[in-house]
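Source file: upload-v9.txt (compact mmCIF, C-alpha atoms)
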```txt
# COMPACT_ATOMS: atom_id res chain seq x y z
CA MET A 17 -41.10 -1.73 -4.54
CA ASP A 18 -39.15 -0.38 -1.62
CA ARG A 19 -38.58 -3.87 -0.35
CA CYS A 20 -37.36 -4.99 -3.77
CA GLN A 21 -35.02 -2.11 -3.92
CA PHE A 22 -33.85 -2.83 -0.42
CA VAL A 23 -33.17 -6.46 -1.34
CA CYS A 24 -31.37 -5.52 -4.51
CA TYR A 25 -29.42 -2.95 -2.64
CA SER A 26 -28.43 -5.41 0.06
CA ILE A 27 -27.35 -8.05 -2.49
CA GLY A 28 -25.48 -5.41 -4.39
CA ASP A 29 -23.94 -4.33 -1.12
CA VAL A 30 -22.67 -7.81 -0.31
CA SER A 31 -21.22 -8.44 -3.75
CA SER A 32 -19.61 -5.05 -3.89
CA GLU A 33 -18.19 -5.74 -0.44
CA ARG A 34 -16.72 -9.00 -1.76
CA GLU A 35 -15.38 -7.21 -4.79
CA ARG A 36 -13.83 -4.58 -2.61
CA GLN A 37 -12.12 -7.20 -0.49
CA ALA A 38 -10.91 -9.02 -3.60
CA ARG A 39 -9.57 -5.81 -5.03
CA MET A 40 -7.79 -5.02 -1.78
CA ARG A 41 -6.21 -8.47 -1.74
CA THR A 42 -4.93 -8.19 -5.28
CA ALA A 43 -3.78 -4.63 -4.68
CA LEU A 44 -1.76 -5.78 -1.68
CA GLN A 45 -0.29 -8.61 -3.71
CA ARG A 46 0.51 -6.40 -6.63
CA GLY A 47 1.61 -3.48 -4.49
CA PRO A 48 5.38 -3.54 -4.69
CA GLU A 49 5.32 -5.04 -8.18
CA ARG A 50 3.17 -2.27 -9.51
CA GLY A 51 5.79 0.24 -8.50
CA ARG A 52 8.42 -1.74 -10.35
CA LYS A 53 6.23 -2.18 -13.43
CA GLN A 54 5.68 1.53 -13.69
CA GLU A 55 9.43 2.12 -13.86
CA LYS A 56 9.84 -0.31 -16.73
CA LYS A 57 7.32 1.07 -19.20
CA MET A 58 8.62 0.79 -22.72
CA THR A 59 8.03 3.75 -24.91
CA VAL A 60 8.86 5.70 -28.03
CA HIS A 61 10.01 9.26 -27.34
CA ASN A 62 10.10 10.83 -30.78
CA LEU A 63 10.67 10.27 -34.49
CA TYR A 64 12.47 12.34 -37.13
CA ILE A 65 12.53 11.90 -40.90
CA PHE A 66 15.29 13.68 -42.85
CA ASP A 67 15.88 13.81 -46.56
CA ARG A 68 19.30 13.48 -48.11
CA ASN A 69 19.95 17.22 -48.11
CA GLY A 70 19.50 17.50 -44.37
CA SER A 71 16.11 19.12 -44.19
CA CYS A 72 13.73 17.64 -41.65
CA LEU A 73 10.63 16.38 -43.44
CA PHE A 74 8.74 15.16 -40.42
CA TYR A 75 8.95 15.24 -36.65
CA ASN A 76 6.60 14.00 -33.98
CA GLU A 77 6.96 13.30 -30.29
CA TRP A 78 5.01 11.03 -28.02
CA ASN A 79 6.68 10.88 -24.67
CA ARG A 80 9.39 13.46 -24.64
CA LYS A 81 10.30 14.59 -21.14
CA LYS A 82 13.09 17.01 -21.83
CA GLN A 83 13.41 19.55 -24.59
CA ALA A 84 16.84 20.26 -26.01
CA GLY A 85 16.89 23.90 -24.94
CA ILE A 86 17.27 25.18 -28.49
CA SER A 87 14.67 25.97 -31.15
CA LYS A 88 13.23 23.13 -33.20
CA GLU A 89 15.03 24.35 -36.34
CA GLU A 90 18.36 24.20 -34.59
CA GLU A 91 17.58 20.88 -33.04
CA PHE A 92 16.86 19.34 -36.43
CA LYS A 93 20.11 20.70 -37.81
CA LEU A 94 22.03 19.45 -34.78
CA MET A 95 20.47 16.01 -35.03
CA TYR A 96 21.23 15.74 -38.74
CA GLY A 97 24.76 17.00 -38.20
CA MET A 98 25.35 14.54 -35.38
CA LEU A 99 24.17 11.64 -37.53
CA PHE A 100 26.25 12.76 -40.48
CA SER A 101 29.33 12.94 -38.26
CA ILE A 102 28.59 9.59 -36.67
CA ARG A 103 28.34 7.98 -40.10
CA SER A 104 31.62 9.41 -41.27
CA PHE A 105 33.25 8.53 -37.92
CA VAL A 106 32.03 4.96 -38.18
CA SER A 107 33.18 4.51 -41.77
CA LYS A 108 36.71 5.66 -40.89
CA MET A 109 36.93 3.83 -37.57
CA SER A 110 35.56 0.53 -38.78
CA PRO A 111 38.14 -2.27 -38.84
CA LEU A 112 36.31 -4.10 -41.65
CA ASP A 113 34.18 -3.11 -44.63
CA MET A 114 30.64 -2.34 -43.53
CA LYS A 115 27.41 -3.29 -45.20
CA ASP A 116 24.67 -1.53 -43.23
CA GLY A 117 26.80 0.95 -41.35
CA PHE A 118 25.66 2.74 -38.24
CA LEU A 119 22.62 1.07 -36.66
CA SER A 120 21.95 2.59 -33.26
CA PHE A 121 23.49 4.13 -30.18
CA GLN A 122 22.47 4.19 -26.55
CA THR A 123 23.07 6.38 -23.54
CA SER A 124 22.11 5.80 -19.94
CA LYS A 125 18.52 6.89 -20.61
CA TYR A 126 17.56 6.41 -24.24
CA ARG A 127 18.41 4.59 -27.41
CA LEU A 128 18.50 6.12 -30.86
CA HIS A 129 17.68 3.86 -33.81
CA TYR A 130 18.70 4.81 -37.32
CA TYR A 131 17.62 3.61 -40.71
CA GLU A 132 18.69 5.02 -44.04
CA THR A 133 17.12 4.11 -47.34
CA PRO A 134 19.19 3.87 -50.53
CA SER A 135 17.58 7.14 -51.68
CA GLY A 136 19.12 8.97 -48.73
CA LEU A 137 15.98 9.23 -46.62
CA ARG A 138 16.89 8.96 -42.93
CA PHE A 139 14.56 7.67 -40.23
CA VAL A 140 15.56 8.34 -36.63
CA MET A 141 13.65 7.03 -33.64
CA ASN A 142 14.41 7.63 -29.96
CA THR A 143 13.08 5.01 -27.60
CA ASP A 144 13.87 3.99 -24.09
CA LEU A 145 16.47 1.36 -23.34
CA SER A 146 14.21 -1.68 -23.38
CA VAL A 147 13.81 -1.67 -27.16
CA PRO A 148 16.70 -3.69 -28.61
CA ASN A 149 16.16 -3.32 -32.32
CA GLY A 150 14.07 -0.57 -33.86
CA ARG A 151 15.47 -1.00 -37.33
CA ASP A 152 12.69 -3.32 -38.49
CA THR A 153 10.11 -0.87 -37.16
CA LEU A 154 11.72 1.96 -39.08
CA GLN A 155 11.89 -0.14 -42.21
CA SER A 156 8.21 -0.96 -41.98
CA ILE A 157 7.42 2.72 -41.39
CA TYR A 158 9.24 3.43 -44.63
CA SER A 159 7.68 0.70 -46.74
CA ASN A 160 4.17 0.61 -45.32
CA LEU A 161 3.59 4.26 -44.46
CA TYR A 162 6.01 6.53 -46.29
CA VAL A 163 5.90 4.74 -49.63
CA GLU A 164 2.16 4.17 -49.45
CA TYR A 165 1.00 7.58 -48.27
CA ILE A 166 3.69 9.98 -49.45
CA VAL A 167 5.45 8.57 -52.47
CA LYS A 168 2.28 7.27 -54.04
CA ASN A 169 0.46 10.50 -53.33
CA PRO A 170 0.52 12.67 -56.48
CA VAL A 171 -0.10 15.82 -54.43
CA CYS A 172 2.86 15.36 -52.09
CA VAL A 173 6.01 16.93 -53.43
CA LEU A 174 8.98 14.79 -52.40
CA GLY A 175 11.63 16.77 -50.64
CA HIS A 176 9.26 19.18 -49.00
CA SER A 177 7.93 18.92 -45.49
CA LEU A 178 5.42 16.07 -45.29
CA ASP A 179 2.06 17.63 -44.57
CA SER A 180 -0.16 14.70 -45.33
CA GLU A 181 -2.77 14.29 -42.60
CA LEU A 182 -3.31 10.67 -43.53
CA PHE A 183 0.37 9.92 -43.12
CA SER A 184 0.53 11.64 -39.73
CA SER A 185 -2.52 9.90 -38.35
CA ARG A 186 -1.53 6.49 -39.69
CA LEU A 187 1.95 6.91 -38.30
CA ASP A 188 0.56 7.96 -34.95
CA SER A 189 -1.68 4.91 -34.69
CA PHE A 190 1.15 2.67 -35.90
CA ILE A 191 3.46 3.94 -33.17
CA ARG A 192 0.78 3.66 -30.52
CA GLY A 193 0.10 0.13 -31.68
CA LEU A 194 3.71 -0.99 -31.31
CA PRO A 195 4.29 -3.70 -28.69
CA PHE A 196 6.92 -1.58 -27.02
CA TYR A 197 4.83 1.56 -26.78
CA SER A 198 2.88 2.36 -23.66
CA PRO A 199 1.59 5.80 -22.72
CA ARG A 200 2.94 7.05 -19.44
CA ALA A 201 0.59 7.62 -16.54
CA ALA A 202 -0.16 11.33 -16.26
CA MET B 1 35.04 -12.83 -30.69
CA VAL B 2 37.60 -10.14 -30.58
CA ILE B 3 38.49 -6.74 -29.21
CA PHE B 4 39.78 -4.45 -31.93
CA SER B 5 41.19 -1.44 -30.13
CA VAL B 6 41.24 0.75 -27.04
CA TYR B 7 41.31 4.56 -26.94
CA VAL B 8 41.65 6.82 -23.90
CA VAL B 9 40.51 10.43 -24.26
CA ASN B 10 41.19 13.18 -21.73
CA LYS B 11 38.64 15.70 -20.57
CA ALA B 12 39.55 18.24 -23.24
CA GLY B 13 38.87 15.68 -25.98
CA GLY B 14 42.50 14.89 -26.82
CA LEU B 15 43.64 11.34 -27.38
CA ILE B 16 46.11 10.29 -24.67
CA TYR B 17 46.39 6.57 -25.37
CA GLN B 18 45.64 4.25 -28.21
CA TYR B 19 46.20 0.53 -28.62
CA ASP B 20 45.27 -1.69 -31.58
CA ASN B 21 44.78 -5.21 -30.32
CA TYR B 22 43.59 -6.80 -33.53
CA VAL B 23 43.62 -5.15 -36.92
CA PRO B 24 42.07 -7.33 -39.62
CA ARG B 25 43.79 -6.60 -42.87
CA ALA B 26 41.61 -7.44 -45.81
CA GLU B 27 43.83 -6.87 -48.80
CA ALA B 28 43.69 -8.03 -52.39
CA GLU B 29 46.59 -8.07 -54.80
CA LYS B 30 45.80 -8.48 -58.46
CA THR B 31 47.43 -8.04 -61.81
CA PHE B 32 45.67 -5.62 -64.10
CA SER B 33 45.92 -4.81 -67.76
CA TYR B 34 45.15 -1.50 -69.42
CA PRO B 35 42.59 0.06 -69.01
CA LEU B 36 41.94 -0.18 -65.30
CA ASP B 37 38.40 -1.21 -64.23
CA PHE B 38 38.32 1.18 -61.32
CA VAL B 39 38.04 4.92 -61.06
CA LEU B 40 40.71 6.17 -58.70
CA LYS B 41 40.96 9.54 -57.05
CA HIS B 42 43.09 11.44 -54.59
CA HIS B 43 41.65 11.53 -51.12
CA ASP B 44 43.47 12.66 -47.97
CA GLU B 45 46.98 12.13 -49.36
CA LYS B 46 46.11 8.66 -50.61
CA VAL B 47 44.87 7.14 -53.84
CA VAL B 48 41.46 5.63 -53.25
CA VAL B 49 38.94 3.66 -55.31
CA SER B 50 36.04 6.00 -56.00
CA PHE B 51 34.01 3.71 -58.28
CA GLY B 52 34.19 0.05 -59.18
CA GLN B 53 34.02 -3.16 -57.22
CA ARG B 54 35.53 -6.53 -58.06
CA ASP B 55 37.10 -9.51 -56.36
CA GLY B 56 37.14 -8.16 -52.83
CA ILE B 57 38.15 -4.65 -53.86
CA ARG B 58 35.60 -2.09 -52.74
CA VAL B 59 34.91 1.62 -52.91
CA GLY B 60 37.04 3.31 -50.29
CA HIS B 61 39.94 0.89 -50.54
CA ALA B 62 43.31 2.52 -50.98
CA VAL B 63 46.21 1.60 -53.24
CA LEU B 64 48.72 0.03 -50.89
CA SER B 65 51.46 -1.12 -53.24
CA ILE B 66 52.31 -1.26 -56.93
CA ASN B 67 54.38 -4.14 -58.28
CA GLY B 68 55.30 -5.14 -54.77
CA GLU B 69 56.59 -1.74 -53.71
CA ASP B 70 54.61 0.21 -51.13
CA VAL B 71 53.28 3.55 -52.27
CA LEU B 72 54.21 6.65 -50.32
CA GLY B 73 51.09 8.77 -50.04
CA LYS B 74 50.12 9.90 -53.53
CA ASN B 75 53.38 8.81 -55.17
CA THR B 76 54.88 5.47 -56.04
CA ALA B 77 58.07 4.30 -54.40
CA ASP B 78 60.03 5.95 -57.24
CA GLY B 79 58.41 9.31 -56.56
CA LYS B 80 56.11 9.36 -59.58
CA ASP B 81 52.47 10.36 -59.22
CA THR B 82 50.41 7.17 -58.92
CA LEU B 83 47.49 8.30 -61.04
CA GLU B 84 49.79 9.42 -63.86
CA TYR B 85 51.65 6.14 -63.66
CA LEU B 86 48.45 4.14 -63.95
CA LYS B 87 47.18 6.24 -66.88
CA ASP B 88 50.18 5.30 -69.00
CA PRO B 89 49.51 2.05 -70.94
CA ALA B 90 53.23 1.41 -71.23
CA ASN B 91 53.39 0.51 -67.54
CA TYR B 92 50.92 -2.35 -67.85
CA PRO B 93 50.49 -5.18 -66.90
CA VAL B 94 50.80 -3.95 -63.33
CA SER B 95 50.21 -5.69 -60.02
CA ILE B 96 48.36 -3.52 -57.51
CA ARG B 97 47.47 -4.28 -53.92
CA PHE B 98 44.28 -2.67 -52.61
CA GLY B 99 43.01 -2.69 -49.05
CA ARG B 100 41.49 -0.68 -46.26
CA ALA B 101 43.90 2.09 -45.43
CA ARG B 102 45.40 1.99 -41.97
CA LEU B 103 44.56 5.03 -39.84
CA SER B 104 47.47 7.38 -39.31
CA SER B 105 48.01 8.68 -35.78
CA ASN B 106 46.79 12.11 -36.86
CA GLU B 107 43.53 10.60 -38.07
CA LYS B 108 43.13 8.73 -34.80
CA LEU B 109 43.56 11.99 -32.91
CA MET B 110 40.88 13.62 -35.03
CA LEU B 111 38.47 10.71 -34.66
CA ALA B 112 38.90 10.68 -30.88
CA SER B 113 38.10 14.38 -30.68
CA MET B 114 35.13 13.87 -32.99
CA PHE B 115 33.77 11.19 -30.70
CA HIS B 116 34.30 13.44 -27.68
CA SER B 117 31.95 16.00 -29.28
CA LEU B 118 29.43 13.41 -30.43
CA PHE B 119 29.31 12.06 -26.89
CA ALA B 120 28.28 15.50 -25.63
CA ILE B 121 25.71 16.08 -28.38
CA GLY B 122 24.14 12.70 -27.60
CA SER B 123 23.53 13.93 -24.10
CA GLN B 124 22.19 17.30 -25.21
CA LEU B 125 19.65 15.87 -27.67
CA SER B 126 18.28 13.44 -25.13
CA PRO B 127 14.46 13.25 -24.93
CA ASP B 128 14.77 12.10 -21.33
CA VAL B 129 16.19 13.95 -18.33
CA GLY B 130 19.53 13.11 -16.82
CA SER B 131 21.00 11.25 -19.75
CA SER B 132 24.69 10.50 -20.05
CA GLY B 133 26.52 10.74 -23.35
CA ILE B 134 26.83 7.92 -25.89
CA GLU B 135 27.72 4.78 -23.96
CA MET B 136 27.41 2.26 -26.73
CA LEU B 137 27.35 2.71 -30.48
CA GLU B 138 26.44 -0.21 -32.66
CA THR B 139 27.13 -0.97 -36.31
CA ASP B 140 26.91 -4.22 -38.19
CA VAL B 141 30.66 -4.83 -37.95
CA PHE B 142 31.70 -3.50 -34.54
CA LYS B 143 30.36 -2.13 -31.27
CA LEU B 144 31.94 0.87 -29.62
CA HIS B 145 31.66 1.07 -25.82
CA CYS B 146 32.49 4.21 -23.90
CA PHE B 147 32.88 4.75 -20.19
CA GLN B 148 33.25 8.28 -18.87
CA THR B 149 34.73 8.61 -15.39
CA LEU B 150 33.77 11.28 -12.88
CA THR B 151 36.90 13.21 -13.82
CA GLY B 152 35.95 13.36 -17.50
CA ILE B 153 38.34 10.70 -18.86
CA LYS B 154 36.74 8.49 -21.49
CA PHE B 155 37.75 4.89 -22.06
CA ILE B 156 36.62 3.70 -25.48
CA VAL B 157 36.72 0.07 -26.59
CA LEU B 158 35.94 -1.16 -30.11
CA ALA B 159 34.92 -4.80 -30.11
CA ASP B 160 33.07 -7.45 -32.06
CA PRO B 161 29.27 -6.99 -31.70
CA ARG B 162 28.92 -10.35 -30.00
CA GLN B 163 31.66 -9.77 -27.45
CA SER B 164 30.32 -9.72 -23.89
CA GLY B 165 31.76 -8.41 -20.67
CA ILE B 166 32.93 -5.10 -22.07
CA ASP B 167 31.47 -3.14 -19.14
CA ALA B 168 33.63 -5.08 -16.74
CA LEU B 169 36.58 -4.57 -19.08
CA LEU B 170 36.04 -0.80 -19.12
CA ARG B 171 36.02 -0.70 -15.32
CA LYS B 172 39.15 -2.86 -15.29
CA ILE B 173 40.92 -0.50 -17.69
CA TYR B 174 39.99 2.39 -15.39
CA GLU B 175 41.53 0.46 -12.51
CA ILE B 176 44.69 -0.19 -14.53
CA TYR B 177 44.82 3.49 -15.49
CA SER B 178 44.60 4.62 -11.88
CA ASP B 179 47.15 2.01 -10.73
CA PHE B 180 49.82 2.32 -13.42
CA ALA B 181 49.37 5.77 -14.92
CA LEU B 182 48.04 7.98 -12.15
CA LYS B 183 50.25 6.50 -9.45
CA ASN B 184 53.29 6.87 -11.69
CA PRO B 185 55.16 9.93 -10.34
CA PHE B 186 56.53 10.75 -13.80
CA TYR B 187 53.12 10.85 -15.45
CA SER B 188 51.41 14.25 -15.83
CA LEU B 189 47.66 14.40 -15.87
CA GLU B 190 45.88 14.74 -19.23
CA MET B 191 49.14 14.00 -21.09
CA PRO B 192 49.77 11.02 -23.40
CA ILE B 193 50.27 7.86 -21.38
CA ARG B 194 53.76 6.39 -21.83
CA CYS B 195 53.91 3.89 -18.99
CA GLU B 196 55.15 0.39 -19.72
CA LEU B 197 53.26 -1.22 -16.87
CA PHE B 198 50.04 0.32 -18.15
CA ASP B 199 50.65 -1.24 -21.60
CA GLN B 200 51.48 -4.65 -20.15
CA ASN B 201 48.53 -4.80 -17.83
CA LEU B 202 46.16 -3.51 -20.48
CA LYS B 203 47.24 -6.26 -22.87
CA GLY B 204 46.73 -8.80 -20.12
CA ALA B 205 43.26 -7.50 -19.36
CA LEU B 206 42.29 -7.62 -23.04
CA GLU B 207 43.42 -11.24 -23.28
CA ILE B 208 41.34 -12.16 -20.26
CA ALA B 209 38.32 -10.31 -21.64
CA GLU B 210 38.58 -12.02 -25.03
CA LYS B 211 38.59 -15.39 -23.39
CA ALA B 212 35.40 -14.23 -21.62
CA GLY B 213 36.94 -14.61 -18.21
CA ASN B 214 36.02 -12.67 -15.12
CA PHE B 215 38.40 -10.33 -13.48
CA GLY B 216 39.06 -11.44 -9.93
CA ALA B 217 38.70 -8.80 -7.23
CA GLY B 218 41.96 -6.97 -6.85
CA SER B 219 43.66 -8.89 -9.67
```

The structure in this file should be written as structure tokens.
Amino acid sequence: MDRCQFVCYSIGDVSSERERQARMRTALQRGPERGRKQEKKMTVHNLYIFDRNGSCLFYNEWNRKKQAGISKEEEFKLMYGMLFSIRSFVSKMSPLDMKDGFLSFQTSKYRLHYYETPSGLRFVMNTDLSVPNGRDTLQSIYSNLYVEYIVKNPVCVLGHSLDSELFSSRLDSFIRGLPFYSPRAA
Amino acid sequence: MVIFSVYVVNKAGGLIYQYDNYVPRAEAEKTFSYPLDFVLKHHDEKVVVSFGQRDGIRVGHAVLSINGEDVLGKNTADGKDTLEYLKDPANYPVSIRFGRARLSSNEKLMLASMFHSLFAIGSQLSPDVGSSGIEMLETDVFKLHCFQTLTGIKFIVLADPRQSGIDALLRKIYEIYSDFALKNPFYSLEMPIRCELFDQNLKGALEIAEKAGNFGAGS
């Protein structure tokens, strides 16, 4: 039995040695690239849902690295106020008549995507710069998640904070399943 | 592919320069009989369509002229109140021209200051560290690009969404600003820019950018 074990061990040893060498080779090849790939991870930072009166119905964050320095209540009001002002700014500034209005804005570090339904429900998603168009994502969040799990739920009172567990968990898995979402390395 | 306008905002948020390169005027003139299809209301010293849409006339369009004579604010050219005039069936049939109202210089000042604040809030609400303010704002009809210099001056360009090369244009405008406004001994910092050479060179740069050309080094 000892001999068998010894043989198995030695074979295992050789193959693990080969594996180790193979891993080292690929690690060396991938080395500089891996650093670059880590910088380019696409991600969703957070998501807000506002109703037409300005109250925040839902908020969740996935990869937020910096808090705003004010309480959550104030942050929601500031976010809603900023979007309201941007919409009125855009409607006055626009050289032609607009159909969809304000779509998104970007800064040096993040991009904010905006989608408003005809009923005045506003979806706001912050992602990093590599996501070019989040509007379709927001529209599918509205039609596949909000309408299905909130509007069609007789217990959920529209206009109040969304406290449906099903909605939160489905939304969470939807966001994590997006092609442009990747969790950051700890 | 077109560049609509350029705004320059100083570090306090005041507008110091504004140039409209291309202003598309979508207007519709029609003859109407009593009663009028649209609901009109007073808004900001103008008479604006508040409800009703027909033949290219939309909500938000202002009354520009009645029977060929331009309206002055809320009153017709004769000095009568426009809404009262249009309520009287004896004045019909009447020919009215509707269109997007041109921004007055006061409104441009207010919009520039509004953007100055929105720029700062965009940076404050950032979920990531070290973010700048709003550098690009996109709608379905135009794209607004903003470049903030180290001294706090913002150069804002409104262009067609498909227009490329706006980053290079913003840097070029900064170069033109430093060459023809800052080096002008009669120009005071943070004040409205009234330098002819700045205007001329800016127009030239916009033409080059629209033709999607590259700015040569030191041109």

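Excluding Gln122 (chain A) and any residue on its chain fewer than 5 positions from it, the residues at most 6 Å away by all atoms listed in the file are Arg127 of chain A; Ile134, Glu135 and Met136 of chain B.
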
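One finds CA of Thr31 (chain B) at 18.1 Å from CA of Val59 (chain B).
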
Residues within 12 Å of (40.7, 5.7, -15.2), counting only C-alpha atoms, listed as a ChimeraX atom specification: /B:7-11,16-17,147-156,169-183,189-190,193,198,202

Selected residues written out with C-alpha atoms, as a short mmCIF file (atom, residue, chain, number, x, y, z; two decimals), in the coordinates of the input:
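Dumped to selection-v1.cif:
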```
data_model
loop_
_atom_site.label_atom_id
_atom_site.label_comp_id
_atom_site.auth_asym_id
_atom_site.auth_seq_id
_atom_site.Cartn_x
_atom_site.Cartn_y
_atom_site.Cartn_z
CA TYR B 7 41.31 4.56 -26.94
CA VAL B 8 41.65 6.82 -23.90
CA VAL B 9 40.51 10.43 -24.26
CA ASN B 10 41.19 13.18 -21.73
CA LYS B 11 38.64 15.70 -20.57
CA ILE B 16 46.11 10.29 -24.67
CA TYR B 17 46.39 6.57 -25.37
CA PHE B 147 32.88 4.75 -20.19
CA GLN B 148 33.25 8.28 -18.87
CA THR B 149 34.73 8.61 -15.39
CA LEU B 150 33.77 11.28 -12.88
CA THR B 151 36.90 13.21 -13.82
CA GLY B 152 35.95 13.36 -17.50
CA ILE B 153 38.34 10.70 -18.86
CA LYS B 154 36.74 8.49 -21.49
CA PHE B 155 37.75 4.89 -22.06
CA ILE B 156 36.62 3.70 -25.48
CA LEU B 169 36.58 -4.57 -19.08
CA LEU B 170 36.04 -0.80 -19.12
CA ARG B 171 36.02 -0.70 -15.32
CA LYS B 172 39.15 -2.86 -15.29
CA ILE B 173 40.92 -0.50 -17.69
CA TYR B 174 39.99 2.39 -15.39
CA GLU B 175 41.53 0.46 -12.51
CA ILE B 176 44.69 -0.19 -14.53
CA TYR B 177 44.82 3.49 -15.49
CA SER B 178 44.60 4.62 -11.88
CA ASP B 179 47.15 2.01 -10.73
CA PHE B 180 49.82 2.32 -13.42
CA ALA B 181 49.37 5.77 -14.92
CA LEU B 182 48.04 7.98 -12.15
CA LYS B 183 50.25 6.50 -9.45
CA LEU B 189 47.66 14.40 -15.87
CA GLU B 190 45.88 14.74 -19.23
CA ILE B 193 50.27 7.86 -21.38
CA PHE B 198 50.04 0.32 -18.15
CA LEU B 202 46.16 -3.51 -20.48
#
```

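CA of Ala90 (chain B) sits 20.1 Å away from CA of Val47 (chain B).
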
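Residue neighbourhood of Ser65 (chain B), excluding near-sequence residues (fewer than 6 positions): B:Val71, B:Ile96, B:Arg97, at 6 Å, using only C-alpha atoms.
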
Interatomic distance (Å, one decimal) between CA of Ser131 (chain B) and CA of Gly85 (chain A): 14.3 Å

As an mmCIF file with C-alpha atoms, keeping the file's coordinate frame, could you give me every residue of chain B near chain A (at most 10 Å apart, counting only C-alpha atoms)?
```
data_model
loop_
_atom_site.group_PDB
_atom_site.id
_atom_site.type_symbol
_atom_site.label_atom_id
_atom_site.label_comp_id
_atom_site.auth_asym_id
_atom_site.auth_seq_id
_atom_site.Cartn_x
_atom_site.Cartn_y
_atom_site.Cartn_z
ATOM 1 C CA PHE B 4 39.780 -4.450 -31.930
ATOM 2 C CA SER B 5 41.190 -1.440 -30.130
ATOM 3 C CA TYR B 22 43.590 -6.800 -33.530
ATOM 4 C CA VAL B 23 43.620 -5.150 -36.920
ATOM 5 C CA PRO B 24 42.070 -7.330 -39.620
ATOM 6 C CA ARG B 25 43.790 -6.600 -42.870
ATOM 7 C CA ALA B 26 41.610 -7.440 -45.810
ATOM 8 C CA ARG B 58 35.600 -2.090 -52.740
ATOM 9 C CA VAL B 59 34.910 1.620 -52.910
ATOM 10 C CA GLY B 60 37.040 3.310 -50.290
ATOM 11 C CA HIS B 61 39.940 0.890 -50.540
ATOM 12 C CA GLY B 99 43.010 -2.690 -49.050
ATOM 13 C CA ARG B 100 41.490 -0.680 -46.260
ATOM 14 C CA ALA B 101 43.900 2.090 -45.430
ATOM 15 C CA ARG B 102 45.400 1.990 -41.970
ATOM 16 C CA LEU B 103 44.560 5.030 -39.840
ATOM 17 C CA GLU B 107 43.530 10.600 -38.070
ATOM 18 C CA LYS B 108 43.130 8.730 -34.800
ATOM 19 C CA MET B 110 40.880 13.620 -35.030
ATOM 20 C CA LEU B 111 38.470 10.710 -34.660
ATOM 21 C CA ALA B 112 38.900 10.680 -30.880
ATOM 22 C CA MET B 114 35.130 13.870 -32.990
ATOM 23 C CA PHE B 115 33.770 11.190 -30.700
ATOM 24 C CA SER B 117 31.950 16.000 -29.280
ATOM 25 C CA LEU B 118 29.430 13.410 -30.430
ATOM 26 C CA PHE B 119 29.310 12.060 -26.890
ATOM 27 C CA ILE B 121 25.710 16.080 -28.380
ATOM 28 C CA GLY B 122 24.140 12.700 -27.600
ATOM 29 C CA SER B 123 23.530 13.930 -24.100
ATOM 30 C CA GLN B 124 22.190 17.300 -25.210
ATOM 31 C CA LEU B 125 19.650 15.870 -27.670
ATOM 32 C CA SER B 126 18.280 13.440 -25.130
ATOM 33 C CA PRO B 127 14.460 13.250 -24.930
ATOM 34 C CA ASP B 128 14.770 12.100 -21.330
ATOM 35 C CA VAL B 129 16.190 13.950 -18.330
ATOM 36 C CA GLY B 130 19.530 13.110 -16.820
ATOM 37 C CA SER B 131 21.000 11.250 -19.750
ATOM 38 C CA SER B 132 24.690 10.500 -20.050
ATOM 39 C CA GLY B 133 26.520 10.740 -23.350
ATOM 40 C CA ILE B 134 26.830 7.920 -25.890
ATOM 41 C CA GLU B 135 27.720 4.780 -23.960
ATOM 42 C CA MET B 136 27.410 2.260 -26.730
ATOM 43 C CA LEU B 137 27.350 2.710 -30.480
ATOM 44 C CA GLU B 138 26.440 -0.210 -32.660
ATOM 45 C CA THR B 139 27.130 -0.970 -36.310
ATOM 46 C CA ASP B 140 26.910 -4.220 -38.190
ATOM 47 C CA VAL B 141 30.660 -4.830 -37.950
ATOM 48 C CA PHE B 142 31.700 -3.500 -34.540
ATOM 49 C CA LYS B 143 30.360 -2.130 -31.270
ATOM 50 C CA LEU B 144 31.940 0.870 -29.620
ATOM 51 C CA HIS B 145 31.660 1.070 -25.820
ATOM 52 C CA CYS B 146 32.490 4.210 -23.900
ATOM 53 C CA LEU B 158 35.940 -1.160 -30.110
ATOM 54 C CA ALA B 159 34.920 -4.800 -30.110
ATOM 55 C CA ASP B 160 33.070 -7.450 -32.060
#
```

Go ahead and fit an axis-aligned box to every listed atom of region 147-151 of chain B plus 3 Å each side, and pass me the centre and edge lengths in Å, one decimal, as AutoDock Vina command-line options.
```
--center_x 34.9 --center_y 9.0 --center_z -16.5 --size_x 10.0 --size_y 14.5 --size_z 13.3
```

Residue contacts of Pro199 (chain A) (10 Å, only C-alpha atoms) excluding same-chain residues fewer than 5 positions away, as an MDAnalysis selection string: chainID A and resid 57:60 78:79 192

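All residues of protein, DNA or RNA that reach within 9 Å of Ala209 (chain B), judged by all atoms listed in the file and not counting those fewer than 6 positions away in the chain, are Val2, Ile3, Gln163, Ser164, Gly165, Ile166, Ala168, Leu169 and Phe215 of chain B.
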
Close residues, Asn106 (chain B) itself excluded, 12 Å, only C-alpha atoms, min 6 positions apart in chain, as an MDAnalysis selection string: chainID B and resid 14:15 18 44 112:113

Selection to disk with C-alpha atoms, as a short mmCIF file (atom, residue, chain, number, x, y, z; two decimals), keeping the file's coordinate frame:
```cif
data_model
loop_
_atom_site.label_atom_id
_atom_site.label_comp_id
_atom_site.auth_asym_id
_atom_site.auth_seq_id
_atom_site.Cartn_x
_atom_site.Cartn_y
_atom_site.Cartn_z
CA GLY B 14 42.50 14.89 -26.82
CA LEU B 15 43.64 11.34 -27.38
CA GLN B 18 45.64 4.25 -28.21
CA ASP B 44 43.47 12.66 -47.97
CA ALA B 112 38.90 10.68 -30.88
CA SER B 113 38.10 14.38 -30.68
#
```
